[in-house]
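Novice: I am sharing structure_8.cif, which consists of mmCIF, C-alpha atoms and all ligand atoms:
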```cif
data_final
#
loop_
_atom_site.label_atom_id
_atom_site.label_comp_id
_atom_site.auth_asym_id
_atom_site.auth_seq_id
_atom_site.Cartn_x
_atom_site.Cartn_y
_atom_site.Cartn_z
CA MET A 1 0.00 0.00 0.00
CA ASN A 2 1.40 3.36 -1.01
CA GLU A 3 1.66 5.97 1.73
CA LYS A 4 0.97 9.23 -0.05
CA ILE A 5 0.10 9.69 -3.68
CA THR A 6 0.02 12.93 -5.60
CA ILE A 7 -1.18 12.08 -9.06
CA LEU A 8 -1.77 13.98 -12.28
CA GLY A 9 -4.74 12.71 -14.32
CA VAL A 10 -4.80 13.19 -18.09
CA GLU A 11 -8.01 12.61 -20.08
CA THR A 12 -8.11 12.96 -23.87
CA SER A 13 -10.31 10.08 -25.06
CA CYS A 14 -12.77 12.19 -27.05
CA ASP A 15 -13.20 15.95 -27.41
CA ASP A 16 -12.46 17.30 -23.94
CA THR A 17 -8.98 17.77 -22.53
CA GLY A 18 -9.10 17.14 -18.78
CA ILE A 19 -6.21 17.58 -16.35
CA ALA A 20 -6.42 17.18 -12.58
CA VAL A 21 -4.12 16.88 -9.60
CA LEU A 22 -5.31 14.66 -6.76
CA ASN A 23 -3.86 13.64 -3.45
CA LEU A 24 -4.67 10.27 -1.81
CA ARG A 25 -3.55 8.97 1.57
CA PRO A 26 -4.68 6.28 4.02
CA CYS A 27 -6.88 7.57 6.84
CA GLU A 28 -4.89 7.69 10.10
CA ASP A 29 -7.62 6.08 12.26
CA ASN A 30 -8.72 3.57 9.64
CA PRO A 31 -6.05 2.36 7.21
CA LYS A 32 -8.70 0.67 5.04
CA LYS A 33 -10.15 4.08 4.27
CA ILE A 34 -8.59 6.44 1.73
CA ASN A 35 -8.81 10.20 2.18
CA LEU A 36 -8.49 12.43 -0.82
CA THR A 37 -7.98 16.08 -1.68
CA VAL A 38 -8.64 17.56 -5.10
CA LEU A 39 -5.81 20.01 -5.72
CA SER A 40 -6.98 21.12 -9.16
CA ASN A 41 -9.35 20.01 -11.91
CA LYS A 42 -9.15 21.77 -15.29
CA LEU A 43 -11.06 21.24 -18.49
CA ALA A 44 -10.55 22.59 -22.03
CA SER A 45 -13.71 21.99 -24.01
CA GLN A 46 -13.67 21.76 -27.81
CA THR A 47 -17.43 22.16 -28.10
CA ASP A 48 -17.28 25.32 -30.20
CA ILE A 49 -15.01 23.69 -32.77
CA HIS A 50 -17.07 20.51 -33.27
CA ASN A 51 -20.40 22.31 -32.95
CA GLU A 52 -20.00 23.59 -36.50
CA TYR A 53 -19.93 19.99 -37.80
CA GLY A 54 -22.71 18.61 -35.57
CA GLY A 55 -20.39 16.01 -34.03
CA VAL A 56 -16.80 15.25 -33.09
CA VAL A 57 -14.28 15.42 -35.96
CA PRO A 58 -11.45 13.07 -34.83
CA GLU A 59 -8.60 14.91 -36.62
CA LEU A 60 -9.64 18.24 -35.14
CA ALA A 61 -9.97 16.65 -31.71
CA SER A 62 -6.35 15.38 -31.75
CA ARG A 63 -5.06 18.77 -32.92
CA GLU A 64 -6.93 20.62 -30.17
CA HIS A 65 -5.70 18.20 -27.48
CA LEU A 66 -2.17 18.86 -28.67
CA ARG A 67 -2.74 22.59 -28.32
CA ALA A 68 -4.41 22.39 -24.92
CA LEU A 69 -2.33 19.79 -23.06
CA LEU A 70 0.70 21.86 -22.06
CA PRO A 71 -1.02 25.13 -21.02
CA LEU A 72 -3.77 23.23 -19.19
CA THR A 73 -1.22 21.12 -17.30
CA GLU A 74 0.72 24.25 -16.36
CA GLU A 75 -2.52 25.79 -15.11
CA ALA A 76 -3.45 22.66 -13.13
CA ILE A 77 -0.02 22.49 -11.51
CA ARG A 78 -0.05 26.22 -10.69
CA GLU A 79 -3.51 25.97 -9.14
CA SER A 80 -2.58 22.86 -7.13
CA LYS A 81 0.26 24.84 -5.49
CA ILE A 82 2.65 21.93 -5.84
CA ASP A 83 5.85 21.79 -7.88
CA LEU A 84 6.08 19.30 -10.73
CA PRO A 85 8.69 17.16 -8.89
CA ASN A 86 6.12 16.62 -6.10
CA LEU A 87 4.06 14.46 -8.43
CA SER A 88 4.41 10.77 -7.54
CA HIS A 89 2.47 9.29 -10.50
CA ILE A 90 0.72 10.16 -13.77
CA ALA A 91 -2.55 8.49 -14.78
CA VAL A 92 -3.63 8.60 -18.39
CA THR A 93 -6.69 7.37 -20.27
CA ALA A 94 -5.54 4.49 -22.50
CA GLY A 95 -8.98 3.63 -23.91
CA PRO A 96 -11.66 3.27 -25.05
CA GLY A 97 -11.89 6.32 -27.28
CA LEU A 98 -10.64 7.96 -30.45
CA LYS A 99 -7.24 6.57 -31.35
CA GLY A 100 -5.61 9.88 -32.31
CA SER A 101 -6.95 11.64 -29.21
CA LEU A 102 -5.79 8.83 -26.92
CA LEU A 103 -2.33 8.82 -28.52
CA THR A 104 -1.95 12.57 -28.03
CA GLY A 105 -2.66 12.25 -24.30
CA LEU A 106 -0.49 9.17 -23.91
CA ASN A 107 2.51 10.67 -25.72
CA PHE A 108 2.31 13.83 -23.66
CA SER A 109 1.98 11.88 -20.39
CA SER A 110 4.78 9.46 -21.27
CA GLY A 111 7.14 12.36 -21.99
CA LEU A 112 6.30 14.06 -18.72
CA ALA A 113 6.59 10.82 -16.71
CA ALA A 114 9.99 10.08 -18.27
CA ALA A 115 11.23 13.60 -17.52
CA LEU A 116 10.10 13.34 -13.89
CA ASN A 117 11.12 9.68 -13.61
CA ILE A 118 7.77 8.63 -12.14
CA PRO A 119 5.39 5.77 -13.05
CA ILE A 120 2.63 6.23 -15.60
CA ILE A 121 -0.60 4.30 -15.03
CA PRO A 122 -3.06 3.41 -17.82
CA VAL A 123 -6.71 3.99 -16.91
CA ASN A 124 -9.84 2.71 -18.59
CA HIS A 125 -12.10 5.68 -19.34
CA LEU A 126 -15.23 3.71 -18.41
CA GLU A 127 -13.77 2.74 -15.05
CA GLY A 128 -13.17 6.46 -14.55
CA HIS A 129 -16.89 7.14 -15.09
CA VAL A 130 -17.93 4.25 -12.83
CA MET A 131 -15.63 5.22 -9.94
CA ALA A 132 -16.25 8.99 -10.27
CA ALA A 133 -19.26 8.56 -7.97
CA PHE A 134 -16.88 7.83 -5.07
CA ILE A 135 -14.75 10.97 -5.30
CA ASP A 136 -15.81 12.16 -1.87
CA THR A 137 -13.44 14.60 -0.22
CA GLN A 138 -15.59 14.73 2.95
CA LEU A 139 -16.17 11.05 3.68
CA GLY A 140 -13.20 9.46 1.91
CA PHE A 141 -13.45 6.05 0.27
CA GLU A 142 -13.93 2.68 1.93
CA PRO A 143 -14.17 -0.21 -0.55
CA THR A 144 -16.10 -2.52 1.79
CA LYS A 145 -18.78 0.17 2.10
CA ALA A 146 -18.82 1.06 -1.60
CA PHE A 147 -19.06 -2.38 -3.25
CA PRO A 148 -21.04 -4.14 -4.63
CA PHE A 149 -23.15 -1.79 -6.73
CA LEU A 150 -24.95 -1.62 -10.05
CA THR A 151 -23.76 0.96 -12.55
CA LEU A 152 -25.78 2.49 -15.31
CA LEU A 153 -23.18 3.93 -17.67
CA ILE A 154 -24.82 6.34 -20.11
CA SER A 155 -22.64 8.40 -22.41
CA GLY A 156 -22.14 9.37 -26.05
CA GLY A 157 -20.36 6.11 -26.78
CA HIS A 158 -21.77 3.64 -24.25
CA THR A 159 -24.98 2.42 -22.68
CA GLN A 160 -24.26 -0.40 -20.26
CA ILE A 161 -25.50 -1.92 -17.03
CA ILE A 162 -22.56 -3.22 -15.02
CA LEU A 163 -22.26 -5.09 -11.76
CA ALA A 164 -19.26 -3.69 -9.89
CA GLU A 165 -18.16 -6.44 -7.47
CA GLN A 166 -14.94 -4.83 -6.26
CA PHE A 167 -12.39 -2.32 -7.48
CA GLY A 168 -11.20 -3.64 -10.86
CA ARG A 169 -13.82 -6.40 -11.12
CA TYR A 170 -16.83 -5.57 -13.25
CA THR A 171 -19.42 -7.81 -14.94
CA LEU A 172 -21.37 -6.58 -17.92
CA LEU A 173 -25.07 -7.39 -17.41
CA GLY A 174 -26.44 -5.68 -20.50
CA GLU A 175 -25.69 -3.04 -23.11
CA THR A 176 -27.03 -1.36 -26.20
CA LEU A 177 -27.25 -3.51 -29.29
CA ASP A 178 -26.90 -0.47 -31.56
CA ASP A 179 -26.67 3.26 -30.69
CA ALA A 180 -25.62 4.74 -27.37
CA VAL A 181 -28.23 6.77 -25.52
CA GLY A 182 -26.17 9.98 -25.93
CA GLU A 183 -26.39 9.54 -29.70
CA ALA A 184 -30.20 9.77 -29.54
CA PHE A 185 -29.81 13.16 -27.84
CA ASP A 186 -27.07 14.32 -30.21
CA LYS A 187 -28.87 13.21 -33.40
CA THR A 188 -32.18 14.79 -32.36
CA SER A 189 -30.45 18.04 -31.48
CA LYS A 190 -28.79 18.09 -34.89
CA LEU A 191 -32.09 17.42 -36.70
CA LEU A 192 -33.70 20.23 -34.77
CA GLY A 193 -30.89 22.56 -35.85
CA LEU A 194 -29.50 22.86 -32.33
CA GLY A 195 -25.90 22.53 -31.18
CA TYR A 196 -23.47 19.79 -30.20
CA PRO A 197 -23.36 18.11 -27.70
CA GLY A 198 -27.08 17.60 -28.03
CA GLY A 199 -27.96 16.47 -24.50
CA PRO A 200 -27.75 19.87 -22.80
CA GLU A 201 -29.58 21.53 -25.73
CA ILE A 202 -32.42 18.99 -25.62
CA GLU A 203 -32.63 19.34 -21.85
CA ARG A 204 -32.79 23.13 -22.14
CA ILE A 205 -35.66 23.29 -24.64
CA ALA A 206 -37.50 20.30 -23.07
CA LYS A 207 -38.26 22.46 -20.02
CA ALA A 208 -41.02 24.24 -21.95
CA GLY A 209 -42.34 21.09 -23.66
CA ASN A 210 -45.06 18.49 -23.10
CA PRO A 211 -43.42 15.11 -22.41
CA HIS A 212 -46.59 13.23 -23.40
CA LYS A 213 -47.14 14.95 -26.75
CA PHE A 214 -45.43 12.25 -28.82
CA ASN A 215 -45.61 8.55 -28.14
CA PHE A 216 -42.15 7.37 -29.16
CA PRO A 217 -41.23 3.65 -29.09
CA LYS A 218 -39.35 2.02 -26.21
CA PRO A 219 -37.48 -0.83 -27.92
CA LEU A 220 -36.65 -3.98 -25.92
CA THR A 221 -38.49 -2.83 -22.79
CA ASP A 222 -40.85 -5.80 -23.09
CA LYS A 223 -37.89 -8.22 -22.95
CA LYS A 224 -36.68 -9.68 -19.66
CA ASN A 225 -33.06 -8.88 -20.32
CA LEU A 226 -30.84 -5.86 -19.66
CA ASN A 227 -30.04 -4.90 -23.24
CA PHE A 228 -31.02 -1.63 -24.88
CA SER A 229 -31.70 -0.47 -28.41
CA PHE A 230 -31.90 3.19 -29.36
CA SER A 231 -31.71 3.15 -33.14
CA GLY A 232 -35.48 2.58 -33.53
CA LEU A 233 -36.22 5.47 -31.19
CA LYS A 234 -33.77 7.68 -33.05
CA THR A 235 -35.43 6.79 -36.38
CA ALA A 236 -38.94 7.40 -35.01
CA VAL A 237 -37.91 10.83 -33.77
CA SER A 238 -36.25 11.75 -37.07
CA ARG A 239 -39.36 10.60 -39.01
CA GLU A 240 -41.54 12.78 -36.82
CA ILE A 241 -39.23 15.74 -37.43
CA GLU A 242 -39.05 15.19 -41.21
CA LYS A 243 -42.79 14.56 -41.57
CA ASN A 244 -43.94 17.47 -39.58
CA ARG A 245 -41.23 20.05 -39.82
CA GLN A 246 -42.44 23.22 -38.13
CA VAL A 247 -40.03 25.91 -37.14
CA ASN A 248 -41.90 26.53 -34.02
CA ASN A 249 -40.53 26.64 -30.49
CA GLU A 250 -43.45 24.82 -28.94
CA TRP A 251 -43.23 21.91 -31.38
CA GLN A 252 -39.43 21.66 -30.86
CA SER A 253 -39.85 21.66 -27.10
CA ASP A 254 -42.52 18.95 -27.28
CA ILE A 255 -40.22 16.72 -29.36
CA ALA A 256 -37.35 17.28 -26.90
CA ALA A 257 -39.51 16.71 -23.81
CA SER A 258 -41.07 13.54 -25.27
CA LEU A 259 -37.67 12.14 -26.25
CA GLN A 260 -36.22 12.88 -22.81
CA ASP A 261 -39.22 11.33 -21.08
CA THR A 262 -39.06 8.20 -23.28
CA ILE A 263 -35.35 7.75 -22.57
CA ALA A 264 -35.84 8.26 -18.82
CA ASN A 265 -38.60 5.63 -18.94
CA ILE A 266 -36.49 3.10 -20.81
CA LEU A 267 -33.60 3.53 -18.38
CA CYS A 268 -35.90 3.13 -15.37
CA ILE A 269 -37.55 -0.03 -16.75
CA LYS A 270 -34.17 -1.69 -17.28
CA MET A 271 -32.72 -0.55 -13.94
CA LYS A 272 -35.79 -1.86 -12.11
CA LEU A 273 -35.17 -5.22 -13.75
CA ALA A 274 -31.46 -5.08 -12.91
CA ILE A 275 -32.25 -4.49 -9.22
CA GLU A 276 -34.78 -7.34 -9.23
CA LEU A 277 -32.42 -9.78 -10.98
CA THR A 278 -29.36 -9.08 -8.82
CA ASN A 279 -30.97 -7.93 -5.57
CA VAL A 280 -28.20 -5.32 -5.38
CA LYS A 281 -29.70 -2.23 -3.79
CA LYS A 282 -27.12 0.35 -4.68
CA VAL A 283 -27.13 2.12 -8.05
CA VAL A 284 -24.45 4.40 -9.45
CA VAL A 285 -25.27 6.41 -12.56
CA SER A 286 -22.38 7.75 -14.60
CA GLY A 287 -21.40 9.13 -18.01
CA GLY A 288 -22.34 12.39 -19.71
CA VAL A 289 -26.08 11.62 -20.00
CA ALA A 290 -26.21 11.28 -16.19
CA ALA A 291 -25.93 15.08 -16.12
CA ASN A 292 -29.58 15.21 -17.29
CA HIS A 293 -31.83 16.40 -14.45
CA GLN A 294 -34.98 14.63 -15.68
CA ILE A 295 -33.13 11.32 -15.91
CA ARG A 296 -31.61 11.85 -12.46
CA LYS A 297 -35.07 12.61 -11.03
CA SER A 298 -36.72 9.56 -12.63
CA LEU A 299 -33.95 7.22 -11.46
CA SER A 300 -34.12 8.73 -7.99
CA GLU A 301 -37.87 7.99 -7.81
CA LEU A 302 -37.28 4.47 -9.10
CA CYS A 303 -34.59 3.77 -6.48
CA LYS A 304 -36.79 5.13 -3.73
CA SER A 305 -39.59 2.77 -4.77
CA GLN A 306 -37.13 -0.17 -4.78
CA ASN A 307 -35.52 0.76 -1.43
CA ALA A 308 -32.26 1.22 -3.28
CA VAL A 309 -29.59 3.87 -2.74
CA LEU A 310 -28.83 6.07 -5.75
CA ILE A 311 -25.45 7.72 -6.19
CA VAL A 312 -24.99 10.21 -9.00
CA PRO A 313 -21.88 12.39 -9.26
CA LYS A 314 -22.22 16.15 -9.64
CA PRO A 315 -23.06 17.01 -13.30
CA GLU A 316 -19.53 18.34 -13.97
CA ILE A 317 -18.06 15.01 -12.82
CA CYS A 318 -20.53 13.00 -14.98
CA THR A 319 -19.06 14.34 -18.23
CA ASP A 320 -15.46 13.62 -19.27
CA ASN A 321 -12.84 15.00 -16.88
CA GLY A 322 -9.28 14.42 -15.72
CA LEU A 323 -10.23 14.00 -12.06
CA MET A 324 -11.91 10.62 -12.57
CA ILE A 325 -8.75 9.41 -14.34
CA ALA A 326 -6.50 10.67 -11.54
CA TRP A 327 -8.83 8.96 -9.05
CA VAL A 328 -8.74 5.49 -10.68
CA GLY A 329 -4.98 5.83 -11.32
CA GLY A 330 -4.52 6.87 -7.67
CA LEU A 331 -6.45 3.81 -6.44
CA LYS A 332 -4.36 1.54 -8.67
CA ALA A 333 -1.19 3.08 -7.24
CA HIS A 334 -2.53 2.82 -3.69
CA TYR A 335 -3.28 -0.90 -4.09
CA ASN A 336 -0.05 -1.50 -6.05
CA TYR A 337 -1.83 -2.77 -9.11
CA PRO A 338 0.60 -4.22 -11.64
CA PHE A 339 0.81 -2.44 -15.01
CA ASP A 340 3.06 -2.72 -18.03
CA ASP A 341 6.05 -0.41 -18.41
CA VAL A 342 5.12 0.25 -22.02
CA ILE A 343 1.56 1.47 -22.35
CA LYS A 344 -0.39 1.20 -25.57
CA VAL A 345 -3.68 2.84 -26.39
CA SER A 346 -6.69 0.50 -26.69
CA PRO A 347 -9.49 2.31 -28.58
CA ARG A 348 -11.92 -0.57 -27.86
CA TRP A 349 -10.88 -1.45 -24.33
CA ASN A 350 -13.73 -3.20 -22.45
CA LEU A 351 -14.37 -2.54 -18.81
CA THR A 352 -14.66 -6.27 -18.22
CA ASP A 353 -11.13 -6.81 -19.50
CA LEU A 354 -8.98 -4.48 -17.49
CA HIS A 355 -5.63 -5.79 -18.69
CA CYS A 356 -4.67 -3.22 -21.31
O1 LIG B 1 -19.30 10.87 -20.98
P1 LIG B 1 -19.30 11.91 -22.04
O2 LIG B 1 -18.90 13.32 -21.67
O3 LIG B 1 -18.39 11.47 -23.24
C1 LIG B 1 -18.37 10.15 -23.71
O4 LIG B 1 -17.57 9.35 -23.11
O5 LIG B 1 -19.19 9.85 -24.61
O6 LIG B 1 -20.78 11.91 -22.67
C2 LIG B 1 -21.12 12.74 -23.75
C3 LIG B 1 -22.61 12.54 -24.04
C4 LIG B 1 -23.09 13.28 -25.27
O7 LIG B 1 -23.88 12.42 -26.08
C5 LIG B 1 -23.95 14.40 -24.68
O8 LIG B 1 -25.00 14.83 -25.53
C6 LIG B 1 -24.49 13.73 -23.42
O9 LIG B 1 -23.39 12.99 -22.93
N1 LIG B 1 -24.92 14.72 -22.44
C7 LIG B 1 -26.20 14.83 -22.03
C8 LIG B 1 -26.23 15.93 -21.14
N2 LIG B 1 -24.96 16.43 -21.00
C9 LIG B 1 -24.16 15.66 -21.82
N3 LIG B 1 -27.30 14.13 -22.36
C10 LIG B 1 -28.46 14.50 -21.79
N4 LIG B 1 -28.59 15.55 -20.95
C11 LIG B 1 -27.51 16.29 -20.59
N5 LIG B 1 -27.64 17.32 -19.76
ZN ZN B 2 -16.93 9.60 -21.24
#
```
Can you present the structure in this file as structure tokens?
Specialist:
Amino acid sequence: MNEKITILGVETSCDDTGIAVLNLRPCEDNPKKINLTVLSNKLASQTDIHNEYGGVVPELASREHLRALLPLTEEAIRESKIDLPNLSHIAVTAGPGLKGSLLTGLNFSSGLAAALNIPIIPVNHLEGHVMAAFIDTQLGFEPTKAFPFLTLLISGGHTQIILAEQFGRYTLLGETLDDAVGEAFDKTSKLLGLGYPGGPEIERIAKAGNPHKFNFPKPLTDKKNLNFSFSGLKTAVSREIEKNRQVNNEWQSDIAASLQDTIANILCIKMKLAIELTNVKKVVVSGGVAANHQIRKSLSELCKSQNAVLIVPKPEICTDNGLMIAWVGGLKAHYNYPFDDVIKVSPRWNLTDLHC
């Protein structure tokens, strides 16, 4: 067990550059508990650049990461009030994600780790999202209290239900057979002529809409398994938009509210089943879509009705960030997890296969 860890987290799997500095140490009264202090957490968003194209352009994403990495790291170090040589480790996202973006972050981190002569730890981006819920600077982290739990991972690239048995051991219980839930938000936003990423735009205009105006399909919700399908819903929404195109705020808001309500319903139906099948009464929701207030509210009501505890990170921790990468890397360092000296990026790295 490592005594004191001061770790830099580097996240560049998609279109956000995230850099954070985190300190972890065993609790003096209870060595099984880890206390943590967030020294800095910086984000450089590329939203404005990709917005123009209605989605992430991989080449532009790599170029922007390259531009942002050094100044953002300097800013994070300055804000953390430590000197670079005080860093004990660097954690970097090694996958899954866009290959060029991952490589940019890894090359930068490898150079810095070599210059400082400190270990570099590969982190799975999805594990970052899953564990982000336990970044608690007040209470600290105690594995025996945290595990087991069910995770609903909802992002632009993933829709999965995972059973987290212990740190590093995750079982996939179900996932989308086609599109990720975030894609349904992003595609609808694009069709409505709104910006990228679509989720926050849809959420914004849905506030004024009627969630029961359109009866969109809920694929696979009649099946007793934990898989999802969003392509049929996405098609139904785009047909409605094409068929009935009105440049009218009320109509747009009704589409957005109905889509959001349908998605919240689908997620609740599957999570209810997951709780029933596993009898695990703790649910963690993570990934960018978990920032959605309607979805958070619906899942909170569901968990209450099932006597389950719901843990959802703050919205800014739900979306991509460097802190969750520093956190998982810090835990790996704390528990002396073995990792290869030479790290490669793994654009399709599964959470259930944590050996990079
Ligand atoms: O986790 P994330 O930041 O990146 C990936 O790993 O994919 O998730 C991005 C996704 C996008 O599809 C975005 O539209 C969605 O999360 N998103 C939201 C909200 N904020 C971000 N979806 C619904 N409501 C939101 N407030
Ligand atoms: Zn993500």
Novice: Quick one: everything within 10 Å of Lys207 in chain A, counting only C-alpha atoms, minus sequence neighbours fewer than 3 positions away in the same chain. Send it as a list in words.
Specialist: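 These residues fall inside the cut-off: Ile202, Glu203, Arg204, Asn210, Pro211, Ser253, Asp254, Ala256, Ala257 and Gln294 of chain A.
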Novice: Can you list, as a PyMOL selection string, every protein, DNA or RNA residue that comes within 8 Å of Asp179 in chain A when you count all atoms listed in the file, leaving out same-chain residues fewer than 5 positions away?
Specialist: chain A and resi 157+184+229-231
Novice: Between A:Lys4, A:Lys281, A:His125, A:Lys223, which residue has the minimum interatomic distance to ligand ZN 2 (chain B), considering all atoms listed in the file?
Specialist: A:His125
Novice: Just the residues within 7 Å of Tyr170 in chain A, please, counting all atoms listed in the file, with nothing from its chain fewer than 4 positions along; format it as a list in words.
Specialist: Ile162, Leu163, Ala164, Glu165, Leu351 and Thr352 of chain A
Novice: Considering only C-alpha atoms and all ligand atoms, can you say which of A:Lys190, A:Lys218, A:His158, A:Lys270 comes closest to ligand LIG 1 (chain B)?
Specialist: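 Among the listed residues, A:His158 lies closest to ligand LIG 1 (chain B).
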Novice: Can you list every residue of chain A that has an atom at most 9 Å from ligand ZN 2 (chain B), with its nearest atom pair and the distance in Å to one decimal, using all atoms listed in the file, ordered by chain then number, as a tab-separated table?
Specialist:
```
residue	atom	partner	partner_atom	distance
A:Ser13	CA	B:ZN2	ZN	7.7
A:Cys14	CA	B:ZN2	ZN	7.6
A:Gly97	CA	B:ZN2	ZN	8.5
A:His125	CA	B:ZN2	ZN	6.5
A:Leu126	CA	B:ZN2	ZN	6.8
A:Gly128	CA	B:ZN2	ZN	8.3
A:His129	CA	B:ZN2	ZN	6.6
A:Ile154	CA	B:ZN2	ZN	8.6
A:Ser155	CA	B:ZN2	ZN	6.0
A:Gly156	CA	B:ZN2	ZN	7.1
A:Gly157	CA	B:ZN2	ZN	7.4
A:His158	CA	B:ZN2	ZN	8.2
A:Ser286	CA	B:ZN2	ZN	8.8
A:Gly287	CA	B:ZN2	ZN	5.5
A:Gly288	CA	B:ZN2	ZN	6.3
A:Cys318	CA	B:ZN2	ZN	8.0
A:Thr319	CA	B:ZN2	ZN	6.0
A:Asp320	CA	B:ZN2	ZN	4.7
A:Asn321	CA	B:ZN2	ZN	8.1
```
